[in-house]
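Reproduced below: entry30.cif, with mmCIF, C-alpha atoms.
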data_final
loop_
_atom_site.group_PDB
_atom_site.id
_atom_site.type_symbol
_atom_site.label_atom_id
_atom_site.label_comp_id
_atom_site.auth_asym_id
_atom_site.auth_seq_id
_atom_site.Cartn_x
_atom_site.Cartn_y
_atom_site.Cartn_z
ATOM 1 C CA MET A 1 0.172 -2.199 5.067
ATOM 2 C CA LYS A 2 -0.418 1.336 6.248
ATOM 3 C CA MET A 3 0.055 4.600 4.443
ATOM 4 C CA SER A 4 1.560 7.489 6.380
ATOM 5 C CA ARG A 5 -1.133 9.600 8.051
ATOM 6 C CA GLY A 6 0.666 12.580 6.558
ATOM 7 C CA VAL A 7 -0.926 11.761 3.189
ATOM 8 C CA GLU A 8 -4.382 12.756 4.452
ATOM 9 C CA TRP A 9 -2.940 15.868 6.097
ATOM 10 C CA ALA A 10 -1.089 16.918 2.947
ATOM 11 C CA LEU A 11 -4.127 16.418 0.702
ATOM 12 C CA HIS A 12 -6.352 18.499 2.987
ATOM 13 C CA CYS A 13 -3.709 21.228 3.304
ATOM 14 C CA CYS A 14 -3.474 21.516 -0.491
ATOM 15 C CA LEU A 15 -7.250 21.890 -0.777
ATOM 16 C CA THR A 16 -7.251 24.477 2.008
ATOM 17 C CA LEU A 17 -4.493 26.501 0.340
ATOM 18 C CA ALA A 18 -6.547 26.466 -2.868
ATOM 19 C CA MET A 19 -9.470 27.975 -0.929
ATOM 20 C CA THR A 20 -7.448 30.711 0.757
ATOM 21 C CA GLY A 21 -5.658 31.596 -2.482
ATOM 22 C CA GLU A 22 -2.160 32.592 -3.448
ATOM 23 C CA ASP A 23 -2.373 36.049 -1.830
ATOM 24 C CA GLU A 24 -2.746 34.553 1.646
ATOM 25 C CA ALA A 25 0.279 32.435 2.590
ATOM 26 C CA LEU A 26 -0.437 30.120 5.525
ATOM 27 C CA THR A 27 2.079 28.951 8.098
ATOM 28 C CA ALA A 28 2.431 25.371 9.284
ATOM 29 C CA GLY A 29 1.177 26.538 12.687
ATOM 30 C CA GLU A 30 -2.008 28.001 11.185
ATOM 31 C CA LEU A 31 -2.704 24.861 9.157
ATOM 32 C CA ALA A 32 -1.994 22.714 12.228
ATOM 33 C CA ARG A 33 -4.548 24.701 14.259
ATOM 34 C CA PHE A 34 -7.097 24.518 11.439
ATOM 35 C CA PHE A 35 -6.983 20.698 11.458
ATOM 36 C CA ASP A 36 -5.897 20.191 15.101
ATOM 37 C CA LEU A 37 -2.685 18.429 14.059
ATOM 38 C CA PRO A 38 0.792 18.318 15.653
ATOM 39 C CA LYS A 39 2.596 21.324 14.189
ATOM 40 C CA ALA A 40 6.136 19.900 14.022
ATOM 41 C CA TYR A 41 5.069 16.740 12.196
ATOM 42 C CA LEU A 42 2.763 18.650 9.843
ATOM 43 C CA HIS A 43 5.670 20.983 9.083
ATOM 44 C CA LYS A 44 7.693 17.975 7.871
ATOM 45 C CA GLN A 45 4.906 16.985 5.468
ATOM 46 C CA ILE A 46 4.616 20.540 4.180
ATOM 47 C CA GLN A 47 8.347 20.675 3.531
ATOM 48 C CA ALA A 48 8.038 17.446 1.539
ATOM 49 C CA LEU A 49 5.332 19.122 -0.573
ATOM 50 C CA VAL A 50 7.691 22.064 -1.164
ATOM 51 C CA ARG A 51 10.483 19.705 -2.242
ATOM 52 C CA ALA A 52 8.034 18.068 -4.672
ATOM 53 C CA GLY A 53 7.171 21.452 -6.208
ATOM 54 C CA ILE A 54 3.549 21.304 -5.039
ATOM 55 C CA LEU A 55 3.835 24.160 -2.520
ATOM 56 C CA SER A 56 6.219 27.067 -2.380
ATOM 57 C CA SER A 57 7.253 29.049 0.665
ATOM 58 C CA THR A 58 7.282 32.808 0.943
ATOM 59 C CA PRO A 59 9.715 34.211 3.507
ATOM 60 C CA GLY A 60 9.463 37.125 5.914
ATOM 61 C CA PRO A 61 6.598 38.587 7.985
ATOM 62 C CA GLY A 62 3.263 37.409 6.597
ATOM 63 C CA GLY A 63 5.144 34.610 4.877
ATOM 64 C CA GLY A 64 4.174 30.985 4.783
ATOM 65 C CA TYR A 65 3.122 28.465 2.179
ATOM 66 C CA VAL A 66 1.083 28.780 -1.005
ATOM 67 C CA LEU A 67 0.315 26.404 -3.858
ATOM 68 C CA ALA A 68 3.128 26.389 -6.400
ATOM 69 C CA ARG A 69 0.792 25.395 -9.214
ATOM 70 C CA PRO A 70 -2.965 25.115 -9.833
ATOM 71 C CA LEU A 71 -4.672 22.126 -8.190
ATOM 72 C CA ASP A 72 -5.686 20.887 -11.659
ATOM 73 C CA ALA A 73 -1.973 20.199 -12.163
ATOM 74 C CA VAL A 74 -1.603 18.286 -8.879
ATOM 75 C CA SER A 75 -2.635 14.642 -8.891
ATOM 76 C CA PHE A 76 -3.232 12.397 -5.884
ATOM 77 C CA MET A 77 -0.196 10.460 -7.079
ATOM 78 C CA ASP A 78 1.977 13.605 -6.830
ATOM 79 C CA VAL A 79 1.000 14.092 -3.180
ATOM 80 C CA VAL A 80 1.255 10.415 -2.211
ATOM 81 C CA ALA A 81 4.716 10.162 -3.822
ATOM 82 C CA ALA A 82 5.843 13.381 -2.115
ATOM 83 C CA ILE A 83 4.834 12.133 1.337
ATOM 84 C CA ASP A 84 5.225 8.357 1.134
ATOM 85 C CA GLY A 85 8.037 8.127 -1.414
ATOM 86 C CA PRO A 86 8.058 6.650 -4.909
ATOM 87 C CA ASP A 87 8.798 2.998 -4.066
ATOM 88 C CA PRO A 88 6.177 0.309 -4.650
ATOM 89 C CA ALA A 89 4.719 -1.223 -1.486
ATOM 90 C CA PHE A 90 5.785 -4.727 -2.502
ATOM 91 C CA ARG A 91 9.510 -5.375 -2.493
ATOM 92 C CA CYS A 92 10.806 -8.529 -4.187
ATOM 93 C CA ASP A 93 13.723 -9.963 -2.201
ATOM 94 C CA GLU A 94 14.365 -12.659 -4.847
ATOM 95 C CA ILE A 95 13.879 -15.446 -2.331
ATOM 96 C CA ARG A 96 13.555 -17.809 -5.325
ATOM 97 C CA GLN A 97 17.352 -17.473 -5.641
ATOM 98 C CA ARG A 98 18.087 -18.368 -2.016
ATOM 99 C CA GLY A 99 18.603 -21.596 -0.095
ATOM 100 C CA GLY A 100 17.509 -24.837 -1.715
ATOM 101 C CA SER A 101 15.399 -22.952 -4.244
ATOM 102 C CA GLY A 102 18.450 -21.093 -5.499
ATOM 103 C CA ALA A 103 20.493 -24.293 -5.569
ATOM 104 C CA ILE A 104 18.132 -26.419 -7.648
ATOM 105 C CA GLY A 105 16.999 -23.963 -10.251
ATOM 106 C CA GLY A 106 20.383 -23.150 -11.684
ATOM 107 C CA PRO A 107 21.410 -19.581 -12.418
ATOM 108 C CA ILE A 108 18.550 -17.251 -13.267
ATOM 109 C CA ASP A 109 18.982 -14.735 -16.061
ATOM 110 C CA PRO A 110 19.114 -11.416 -14.165
ATOM 111 C CA GLY A 111 16.804 -9.967 -16.807
ATOM 112 C CA THR A 112 14.089 -12.486 -15.906
ATOM 113 C CA ARG A 113 11.915 -10.733 -13.366
ATOM 114 C CA CYS A 114 10.158 -12.987 -10.864
ATOM 115 C CA LEU A 115 6.574 -13.665 -12.017
ATOM 116 C CA ILE A 116 5.253 -12.926 -8.538
ATOM 117 C CA ASP A 117 6.971 -9.535 -8.596
ATOM 118 C CA GLN A 118 5.486 -8.875 -12.046
ATOM 119 C CA ALA A 119 1.956 -9.638 -10.849
ATOM 120 C CA MET A 120 2.356 -7.450 -7.768
ATOM 121 C CA GLY A 121 3.787 -4.738 -10.016
ATOM 122 C CA ARG A 122 0.719 -4.801 -12.274
ATOM 123 C CA ALA A 123 -1.520 -4.182 -9.259
ATOM 124 C CA ASP A 124 0.737 -1.376 -8.080
ATOM 125 C CA LEU A 125 0.498 0.166 -11.543
ATOM 126 C CA ALA A 126 -3.316 -0.004 -11.503
ATOM 127 C CA TRP A 127 -3.257 1.837 -8.164
ATOM 128 C CA ARG A 128 -0.835 4.481 -9.438
ATOM 129 C CA ARG A 129 -2.793 4.995 -12.654
ATOM 130 C CA GLU A 130 -5.959 5.691 -10.673
ATOM 131 C CA LEU A 131 -4.164 8.132 -8.350
ATOM 132 C CA ALA A 132 -2.431 9.839 -11.275
ATOM 133 C CA ALA A 133 -5.728 10.216 -13.156
ATOM 134 C CA THR A 134 -7.396 12.084 -10.283
ATOM 135 C CA SER A 135 -6.414 15.715 -9.821
ATOM 136 C CA LEU A 136 -6.954 17.651 -6.639
ATOM 137 C CA GLY A 137 -8.652 20.217 -8.869
ATOM 138 C CA SER A 138 -11.509 17.794 -9.539
ATOM 139 C CA ILE A 139 -11.920 17.265 -5.776
ATOM 140 C CA GLN A 140 -11.891 21.028 -5.227
ATOM 141 C CA THR A 141 -14.777 21.342 -7.694
ATOM 142 C CA ASP A 142 -16.704 18.554 -5.978
ATOM 143 C CA VAL A 143 -16.096 20.011 -2.512
ATOM 144 C CA GLY A 144 -17.358 23.369 -3.800
ATOM 145 C CA SER A 145 -20.594 21.735 -4.946
ATOM 146 C CA ALA A 146 -21.043 19.583 -1.857
ATOM 147 C CA ARG A 147 -20.329 22.329 0.666
ATOM 148 C CA PRO A 148 -21.068 25.763 -0.821
ATOM 149 C CA GLY A 149 -19.670 28.609 1.270
ATOM 150 C CA LEU A 150 -16.846 26.481 2.679
ATOM 151 C CA ALA A 151 -14.127 28.355 0.785
ATOM 152 C CA GLU A 152 -15.423 31.719 2.026
ATOM 153 C CA SER A 153 -15.703 30.459 5.635
ATOM 154 C CA THR A 154 -12.190 29.040 5.383
ATOM 155 C CA ARG A 155 -10.756 32.355 4.150
ATOM 156 C CA ARG A 156 -12.519 34.171 6.994
ATOM 157 C CA TRP A 157 -11.226 31.712 9.631
ATOM 158 C CA PHE A 158 -7.613 32.261 8.593
ATOM 159 C CA ALA A 159 -8.068 36.036 8.253
ATOM 160 C CA ASP A 160 -9.365 36.131 11.850
ATOM 161 C CA GLN A 161 -6.325 34.314 13.255
ATOM 162 C CA PRO A 162 -3.758 36.332 15.233
ATOM 163 C CA HIS A 163 -0.519 36.647 13.267
ATOM 164 C CA MET B 1 4.225 2.469 2.549
ATOM 165 C CA LYS B 2 5.675 -0.996 2.827
ATOM 166 C CA MET B 3 3.976 -4.346 2.490
ATOM 167 C CA SER B 4 4.992 -7.077 4.931
ATOM 168 C CA ARG B 5 7.844 -9.170 3.569
ATOM 169 C CA GLY B 6 5.746 -12.173 4.538
ATOM 170 C CA VAL B 7 3.605 -11.602 1.443
ATOM 171 C CA GLU B 8 6.460 -12.624 -0.870
ATOM 172 C CA TRP B 9 7.247 -15.592 1.369
ATOM 173 C CA ALA B 10 3.633 -16.759 1.451
ATOM 174 C CA LEU B 11 3.198 -16.486 -2.317
ATOM 175 C CA HIS B 12 6.349 -18.508 -2.987
ATOM 176 C CA CYS B 13 5.372 -21.132 -0.395
ATOM 177 C CA CYS B 14 1.988 -21.617 -2.063
ATOM 178 C CA LEU B 15 3.655 -22.122 -5.460
ATOM 179 C CA THR B 16 6.135 -24.561 -3.927
ATOM 180 C CA LEU B 17 3.359 -26.572 -2.267
ATOM 181 C CA ALA B 18 1.624 -26.776 -5.652
ATOM 182 C CA MET B 19 4.815 -28.266 -7.118
ATOM 183 C CA THR B 20 5.331 -30.836 -4.380
ATOM 184 C CA GLY B 21 1.667 -31.855 -4.397
ATOM 185 C CA GLU B 22 -0.878 -32.779 -1.800
ATOM 186 C CA ASP B 23 0.720 -36.138 -0.975
ATOM 187 C CA GLU B 24 3.867 -34.471 0.352
ATOM 188 C CA ALA B 25 3.101 -32.217 3.318
ATOM 189 C CA LEU B 26 5.942 -29.771 4.024
ATOM 190 C CA THR B 27 6.851 -28.385 7.439
ATOM 191 C CA ALA B 28 7.587 -24.718 8.144
ATOM 192 C CA GLY B 29 11.201 -25.750 8.805
ATOM 193 C CA GLU B 30 11.543 -27.394 5.386
ATOM 194 C CA LEU B 31 10.048 -24.401 3.599
ATOM 195 C CA ALA B 32 12.286 -22.056 5.625
ATOM 196 C CA ARG B 33 15.375 -24.017 4.544
ATOM 197 C CA PHE B 34 14.222 -24.071 0.936
ATOM 198 C CA PHE B 35 14.071 -20.261 0.821
ATOM 199 C CA ASP B 36 16.655 -19.521 3.540
ATOM 200 C CA LEU B 37 14.082 -17.725 5.703
ATOM 201 C CA PRO B 38 13.713 -17.408 9.489
ATOM 202 C CA LYS B 39 11.624 -20.424 10.499
ATOM 203 C CA ALA B 40 9.671 -18.893 13.392
ATOM 204 C CA TYR B 41 8.520 -15.880 11.389
ATOM 205 C CA LEU B 42 7.699 -17.990 8.327
ATOM 206 C CA HIS B 43 5.663 -20.252 10.587
ATOM 207 C CA LYS B 44 3.513 -17.268 11.570
ATOM 208 C CA GLN B 45 2.808 -16.490 7.901
ATOM 209 C CA ILE B 46 1.934 -20.116 7.210
ATOM 210 C CA GLN B 47 -0.484 -20.166 10.111
ATOM 211 C CA ALA B 48 -2.148 -17.060 8.672
ATOM 212 C CA LEU B 49 -2.569 -18.944 5.366
ATOM 213 C CA VAL B 50 -4.186 -21.823 7.279
ATOM 214 C CA ARG B 51 -6.587 -19.446 9.022
ATOM 215 C CA ALA B 52 -7.509 -18.023 5.599
ATOM 216 C CA GLY B 53 -8.293 -21.506 4.274
ATOM 217 C CA ILE B 54 -5.475 -21.418 1.708
ATOM 218 C CA LEU B 55 -3.363 -24.118 3.379
ATOM 219 C CA SER B 56 -4.339 -26.950 5.674
ATOM 220 C CA SER B 57 -2.175 -28.711 8.196
ATOM 221 C CA THR B 58 -1.826 -32.451 8.589
ATOM 222 C CA PRO B 59 -0.779 -33.630 12.053
ATOM 223 C CA GLY B 60 1.527 -36.371 13.196
ATOM 224 C CA PRO B 61 4.792 -37.824 11.835
ATOM 225 C CA GLY B 62 5.235 -36.855 8.203
ATOM 226 C CA GLY B 63 2.699 -34.101 8.790
ATOM 227 C CA GLY B 64 3.016 -30.513 7.689
ATOM 228 C CA TYR B 65 1.198 -28.183 5.357
ATOM 229 C CA VAL B 66 -0.536 -28.744 2.023
ATOM 230 C CA LEU B 67 -2.678 -26.541 -0.205
ATOM 231 C CA ALA B 68 -6.288 -26.572 0.952
ATOM 232 C CA ARG B 69 -7.570 -25.839 -2.554
ATOM 233 C CA PRO B 70 -6.222 -25.689 -6.101
ATOM 234 C CA LEU B 71 -4.045 -22.675 -6.916
ATOM 235 C CA ASP B 72 -6.570 -21.651 -9.590
ATOM 236 C CA ALA B 73 -8.881 -20.883 -6.682
ATOM 237 C CA VAL B 74 -6.298 -18.779 -4.823
ATOM 238 C CA SER B 75 -5.887 -15.179 -5.918
ATOM 239 C CA PHE B 76 -3.072 -12.805 -5.071
ATOM 240 C CA MET B 77 -5.685 -10.829 -3.135
ATOM 241 C CA ASP B 78 -6.448 -13.878 -0.966
ATOM 242 C CA VAL B 79 -2.797 -14.200 0.039
ATOM 243 C CA VAL B 80 -2.196 -10.465 0.549
ATOM 244 C CA ALA B 81 -5.332 -10.193 2.717
ATOM 245 C CA ALA B 82 -4.324 -13.279 4.716
ATOM 246 C CA ILE B 83 -0.867 -11.876 5.508
ATOM 247 C CA ASP B 84 -1.365 -8.123 5.548
ATOM 248 C CA GLY B 85 -4.981 -7.929 6.681
ATOM 249 C CA PRO B 86 -8.057 -6.667 4.888
ATOM 250 C CA ASP B 87 -7.813 -2.952 5.738
ATOM 251 C CA PRO B 88 -7.083 -0.379 3.028
ATOM 252 C CA ALA B 89 -3.673 1.284 3.253
ATOM 253 C CA PHE B 90 -5.209 4.756 3.494
ATOM 254 C CA ARG B 91 -7.102 5.513 6.673
ATOM 255 C CA CYS B 92 -9.315 8.611 6.787
ATOM 256 C CA ASP B 93 -9.100 10.248 10.212
ATOM 257 C CA GLU B 94 -11.775 12.815 9.299
ATOM 258 C CA ILE B 95 -9.456 15.710 9.992
ATOM 259 C CA ARG B 96 -11.963 17.894 8.095
ATOM 260 C CA GLN B 97 -14.139 17.666 11.236
ATOM 261 C CA ARG B 98 -11.393 18.777 13.629
ATOM 262 C CA GLY B 99 -10.091 22.129 14.860
ATOM 263 C CA GLY B 100 -11.058 25.239 12.925
ATOM 264 C CA SER B 101 -12.118 23.139 9.944
ATOM 265 C CA GLY B 102 -14.683 21.320 12.047
ATOM 266 C CA ALA B 103 -15.867 24.574 13.629
ATOM 267 C CA ILE B 104 -16.551 26.513 10.431
ATOM 268 C CA GLY B 105 -18.157 23.897 8.262
ATOM 269 C CA GLY B 106 -21.083 23.104 10.505
ATOM 270 C CA PRO B 107 -22.090 19.529 11.242
ATOM 271 C CA ILE B 108 -21.320 17.082 8.444
ATOM 272 C CA ASP B 109 -23.881 14.442 7.557
ATOM 273 C CA PRO B 110 -22.206 11.225 8.802
ATOM 274 C CA GLY B 111 -23.285 9.573 5.556
ATOM 275 C CA THR B 112 -21.205 12.038 3.525
ATOM 276 C CA ARG B 113 -17.871 10.354 3.024
ATOM 277 C CA CYS B 114 -14.890 12.681 2.635
ATOM 278 C CA LEU B 115 -14.119 13.184 -1.073
ATOM 279 C CA ILE B 116 -10.415 12.597 -0.445
ATOM 280 C CA ASP B 117 -11.221 9.271 1.196
ATOM 281 C CA GLN B 118 -13.445 8.374 -1.779
ATOM 282 C CA ALA B 119 -10.654 9.088 -4.277
ATOM 283 C CA MET B 120 -8.116 7.082 -2.266
ATOM 284 C CA GLY B 121 -10.701 4.307 -2.001
ATOM 285 C CA ARG B 122 -11.110 4.141 -5.779
ATOM 286 C CA ALA B 123 -7.357 3.625 -6.188
ATOM 287 C CA ASP B 124 -7.386 0.963 -3.482
ATOM 288 C CA LEU B 125 -10.215 -0.774 -5.338
ATOM 289 C CA ALA B 126 -8.267 -0.732 -8.629
ATOM 290 C CA TRP B 127 -5.349 -2.385 -6.794
ATOM 291 C CA ARG B 128 -7.584 -5.021 -5.201
ATOM 292 C CA ARG B 129 -9.362 -5.775 -8.480
ATOM 293 C CA GLU B 130 -6.042 -6.448 -10.188
ATOM 294 C CA LEU B 131 -4.863 -8.694 -7.340
ATOM 295 C CA ALA B 132 -8.202 -10.506 -7.211
ATOM 296 C CA ALA B 133 -8.167 -11.098 -10.980
ATOM 297 C CA THR B 134 -4.786 -12.853 -10.881
ATOM 298 C CA SER B 135 -4.767 -16.417 -9.608
ATOM 299 C CA LEU B 136 -1.695 -18.201 -8.352
ATOM 300 C CA GLY B 137 -2.696 -20.933 -10.800
ATOM 301 C CA SER B 138 -1.906 -18.652 -13.743
ATOM 302 C CA ILE B 139 1.526 -17.926 -12.257
ATOM 303 C CA GLN B 140 2.105 -21.658 -11.749
ATOM 304 C CA THR B 141 1.434 -22.189 -15.460
ATOM 305 C CA ASP B 142 3.802 -19.374 -16.417
ATOM 306 C CA VAL B 143 6.537 -20.616 -14.071
ATOM 307 C CA GLY B 144 6.155 -24.067 -15.622
ATOM 308 C CA SER B 145 6.735 -22.606 -19.087
ATOM 309 C CA ALA B 146 9.568 -20.302 -18.034
ATOM 310 C CA ARG B 147 11.479 -22.878 -16.020
ATOM 311 C CA PRO B 148 10.661 -26.406 -17.219
ATOM 312 C CA GLY B 149 11.838 -29.099 -14.821
ATOM 313 C CA LEU B 150 11.583 -26.811 -11.790
ATOM 314 C CA ALA B 151 8.643 -28.699 -10.271
ATOM 315 C CA GLU B 152 10.465 -32.029 -10.581
ATOM 316 C CA SER B 153 13.685 -30.584 -9.106
ATOM 317 C CA THR B 154 11.674 -29.068 -6.266
ATOM 318 C CA ARG B 155 9.991 -32.393 -5.470
ATOM 319 C CA ARG B 156 13.363 -34.132 -5.455
ATOM 320 C CA TRP B 157 14.923 -31.487 -3.172
ATOM 321 C CA PHE B 158 12.231 -31.983 -0.539
ATOM 322 C CA ALA B 159 12.291 -35.781 -0.901
ATOM 323 C CA ASP B 160 16.053 -35.711 -0.209
ATOM 324 C CA GLN B 161 15.699 -33.710 3.023
ATOM 325 C CA PRO B 162 16.185 -35.564 6.322
ATOM 326 C CA HIS B 163 12.875 -35.845 8.201
#

Transcribe the structure of this file into structure tokens.
Amino acid sequence: MKMSRGVEWALHCCLTLAMTGEDEALTAGELARFFDLPKAYLHKQIQALVRAGILSSTPGPGGGYVLARPLDAVSFMDVVAAIDGPDPAFRCDEIRQRGGSGAIGGPIDPGTRCLIDQAMGRADLAWRRELAATSLGSIQTDVGSARPGLAESTRRWFADQPH
Amino acid sequence: MKMSRGVEWALHCCLTLAMTGEDEALTAGELARFFDLPKAYLHKQIQALVRAGILSSTPGPGGGYVLARPLDAVSFMDVVAAIDGPDPAFRCDEIRQRGGSGAIGGPIDPGTRCLIDQAMGRADLAWRRELAATSLGSIQTDVGSARPGLAESTRRWFADQPH
């Protein structure tokens, strides 16, 4: 089971946009250069963040992307769902109702969810709860403590880029 | 993010082997017919369960697969790790150390794990804890209550199959 690599990219881009601030819109090309990522694929992830209401785009010269809301109001779950979709990783194909298993058991009440699916669902929920309880704002605070001066250096790096 | 479909197959096979008992080894072909699954691919999942010490194989005529230990000693985590591997779904590629981001921040102490990776790791741990805390034995008990007679019907179905 592998999560899309775009999740890491999207999380870092959100933190970077929080450092540069809402007055400095960044393009996908600038963010791609900052993290040495393929621009076209990063652009797809950024568009997914826009669709999820996490980023907004500003058009025209000097345009680009900014955070659509404060990072305190963006959870890890929001970003993971935007990039990787909302479906649980485990999909129940109801194999208990197929072949010999389906034949012997008699009809199953459609409202009776497979116990295996229920157990996998509880684990999925524990994962989602943890991701939903962690905001990117809390990470921003911790990054600020762990690496003082990083936000200022980041702003300067983008300001020095040719437009 | 999608989990291998083999996880559902493996979990159901373990429950089925608990119903048929250790005196009745089942082949991959019999289990494939029982759940209407592709035999060759199911065989691969079963071999992964053997490598993980969850099933054991008995050779010769009448041979096949049996549980290597009681289902109370098999957790959902054991089966998921056997089929899908032990790696977390989120992989940190340390993009913070690449491109402009790597250039401005100065060298990062290799012991300082990325805060995004830490947060994703906590969610992964919550998921694993839940899966590790649920044994297939508890599901077996619940299936027995929900569908009385299923174990007996299952035993009869396999006994009636041509060898």

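For the structure shown here, the set of residues caught by the PyMOL selection byres ((chain B and resi 107-122) around 7) is A:Ile139, B:Phe90, B:Cys92, B:Gly105, B:Gly106, B:Ala123, B:Asp124, B:Leu125, B:Ala126.
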
Asp160 (chain B) proximity check over A:Tyr65, A:Val74, A:Gly100, A:Tyr41, using all atoms listed in the file: winner is A:Gly100

Each chain B residue no farther than 8 Å from chain A, nearest pair in Å, only C-alpha atoms, as a Markdown table:
| residue | atom | partner | partner_atom | distance |
| --- | --- | --- | --- | --- |
| B:Met1 | CA | A:Met3 | CA | 5.1 |
| B:Lys2 | CA | A:Ala89 | CA | 4.4 |
| B:Met3 | CA | A:Met1 | CA | 5.1 |
| B:Ser4 | CA | A:Met1 | CA | 6.9 |
| B:Arg5 | CA | A:Arg91 | CA | 7.3 |
| B:Glu8 | CA | A:Cys92 | CA | 6.8 |
| B:Trp9 | CA | A:Ile95 | CA | 7.6 |
| B:Leu11 | CA | A:Ile116 | CA | 7.5 |
| B:His12 | CA | A:Arg96 | CA | 7.6 |
| B:Arg33 | CA | A:Gly99 | CA | 6.1 |
| B:Phe34 | CA | A:Gly100 | CA | 4.3 |
| B:Phe35 | CA | A:Gly99 | CA | 4.8 |
| B:Asp36 | CA | A:Gly99 | CA | 4.6 |
| B:Asp84 | CA | A:Met1 | CA | 6.1 |
| B:Gly85 | CA | A:Met1 | CA | 7.9 |
| B:Pro88 | CA | A:Lys2 | CA | 7.6 |
| B:Ala89 | CA | A:Lys2 | CA | 4.4 |
| B:Phe90 | CA | A:Met3 | CA | 5.4 |
| B:Arg91 | CA | A:Arg5 | CA | 7.4 |
| B:Cys92 | CA | A:Glu8 | CA | 6.9 |
| B:Asp93 | CA | A:Glu8 | CA | 7.9 |
| B:Ile95 | CA | A:Phe35 | CA | 5.8 |
| B:Arg96 | CA | A:Phe35 | CA | 6.6 |
| B:Gln97 | CA | A:Phe35 | CA | 7.8 |
| B:Arg98 | CA | A:Phe35 | CA | 5.3 |
| B:Gly99 | CA | A:Asp36 | CA | 4.6 |
| B:Gly100 | CA | A:Phe34 | CA | 4.3 |
| B:Ser101 | CA | A:Phe34 | CA | 5.4 |
| B:Gly102 | CA | A:Phe35 | CA | 7.7 |
| B:Ile104 | CA | A:Ser153 | CA | 6.3 |
| B:Gly105 | CA | A:Leu150 | CA | 6.3 |
| B:Leu115 | CA | A:Ile139 | CA | 6.6 |
| B:Ile116 | CA | A:Ile139 | CA | 7.2 |
| B:Ala119 | CA | A:Thr134 | CA | 7.5 |
| B:Met120 | CA | A:Leu131 | CA | 7.3 |
| B:Arg122 | CA | A:Glu130 | CA | 7.3 |
| B:Ala123 | CA | A:Trp127 | CA | 4.9 |
| B:Asp124 | CA | A:Trp127 | CA | 6.3 |
| B:Leu125 | CA | A:Trp127 | CA | 8.0 |
| B:Ala126 | CA | A:Trp127 | CA | 5.6 |
| B:Trp127 | CA | A:Ala123 | CA | 4.9 |
| B:Arg128 | CA | A:Ala123 | CA | 7.3 |
| B:Glu130 | CA | A:Ala123 | CA | 5.1 |
| B:Leu131 | CA | A:Ala123 | CA | 5.9 |
| B:Thr134 | CA | A:Ala119 | CA | 7.5 |
| B:Ile139 | CA | A:Leu115 | CA | 6.6 |
| B:Asp142 | CA | A:Leu115 | CA | 7.7 |
| B:Val143 | CA | A:Leu115 | CA | 7.2 |
| B:Leu150 | CA | A:Gly105 | CA | 6.3 |
| B:Ser153 | CA | A:Ile104 | CA | 6.3 |
| B:Thr154 | CA | A:Ile104 | CA | 7.1 |
| B:Trp157 | CA | A:Gly100 | CA | 7.3 |

Report the residues retrieved by the PyMOL selection byres ((chain B and resi 66) around 6) from the displayed file, expressed as a list in words.
->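 For this structure, the PyMOL selection byres ((chain B and resi 66) around 6) captures Glu22, Ala25, Leu55, Ser56, Tyr65 and Leu67 of chain B.
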
Requested write-out: C-alpha atoms of the selected residues, as a PDB file, in the coordinates of the input:
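So again38.pdb came out as:
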ATOM      1  CA  GLU B  22      -0.878 -32.779  -1.800  1.00  0.00           C
ATOM      2  CA  ALA B  25       3.101 -32.217   3.318  1.00  0.00           C
ATOM      3  CA  LEU B  55      -3.363 -24.118   3.379  1.00  0.00           C
ATOM      4  CA  SER B  56      -4.339 -26.950   5.674  1.00  0.00           C
ATOM      5  CA  TYR B  65       1.198 -28.183   5.357  1.00  0.00           C
ATOM      6  CA  LEU B  67      -2.678 -26.541  -0.205  1.00  0.00           C
TER       7      LEU B  67
END

Extract, using only C-alpha atoms, all DNA, RNA and protein residues at most 9 Å from His43 (chain B), discarding same-chain residues fewer than 5 positions from it, and format them as a PyMOL selection string.
-> chain B and resi 27-29+32+38+48

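We find CA of Ala52 (chain A) and CA of Thr141 (chain A) to be spaced 23.2 Å apart.
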
Using only C-alpha atoms, which residues sit within 9 Å of Pro70 (chain A) once same-chain residues fewer than 5 positions away are excluded, as a PyMOL selection string?
-> chain A and resi 18+54+137

Given the choices B:Leu71, B:Ile46, B:Ala159, B:Ala40, which gets closest to Cys13 (chain B) if the distance is worked out from all atoms listed in the file?
->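 Counting all atoms listed in the file, the residue closest to Cys13 (chain B) is B:Ile46.
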
Please indicate the distance in Å from CA of Leu42 (chain A) to CA of Ala10 (chain A), rounded to one decimal place.
->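 Rounded to one decimal, the two atoms are 8.1 Å apart.
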
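For the pair CA of Ala68 (chain A) and CA of Leu17 (chain A), the separation is 10.2 Å.
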
Evaluate the PyMOL selection byres ((chain B and resi 63) around 9) and record the selected residues as a list in words, following the chain and residue labels used in the document.
->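 In the shown coordinates, the PyMOL selection byres ((chain B and resi 63) around 9) covers Glu24, Ala25, Leu26, Thr27, Ser57, Thr58, Pro59, Gly60, Pro61, Gly62, Gly64 and Tyr65 of chain B.
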
Rank nothing, just name the residue among A:Pro162, A:Gly21, A:Arg155, A:Gly6 nearest to Val79 (chain A), using all atoms listed in the file.
->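 Among A:Pro162, A:Gly21, A:Arg155, A:Gly6, it is A:Gly6 that comes nearest to Val79 (chain A).
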
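Shortest separation to Asp78 (chain A) among A:Lys39, A:Cys14, A:Met19, A:Lys44 occurs at residue A:Cys14, atoms counted being all atoms listed in the file.
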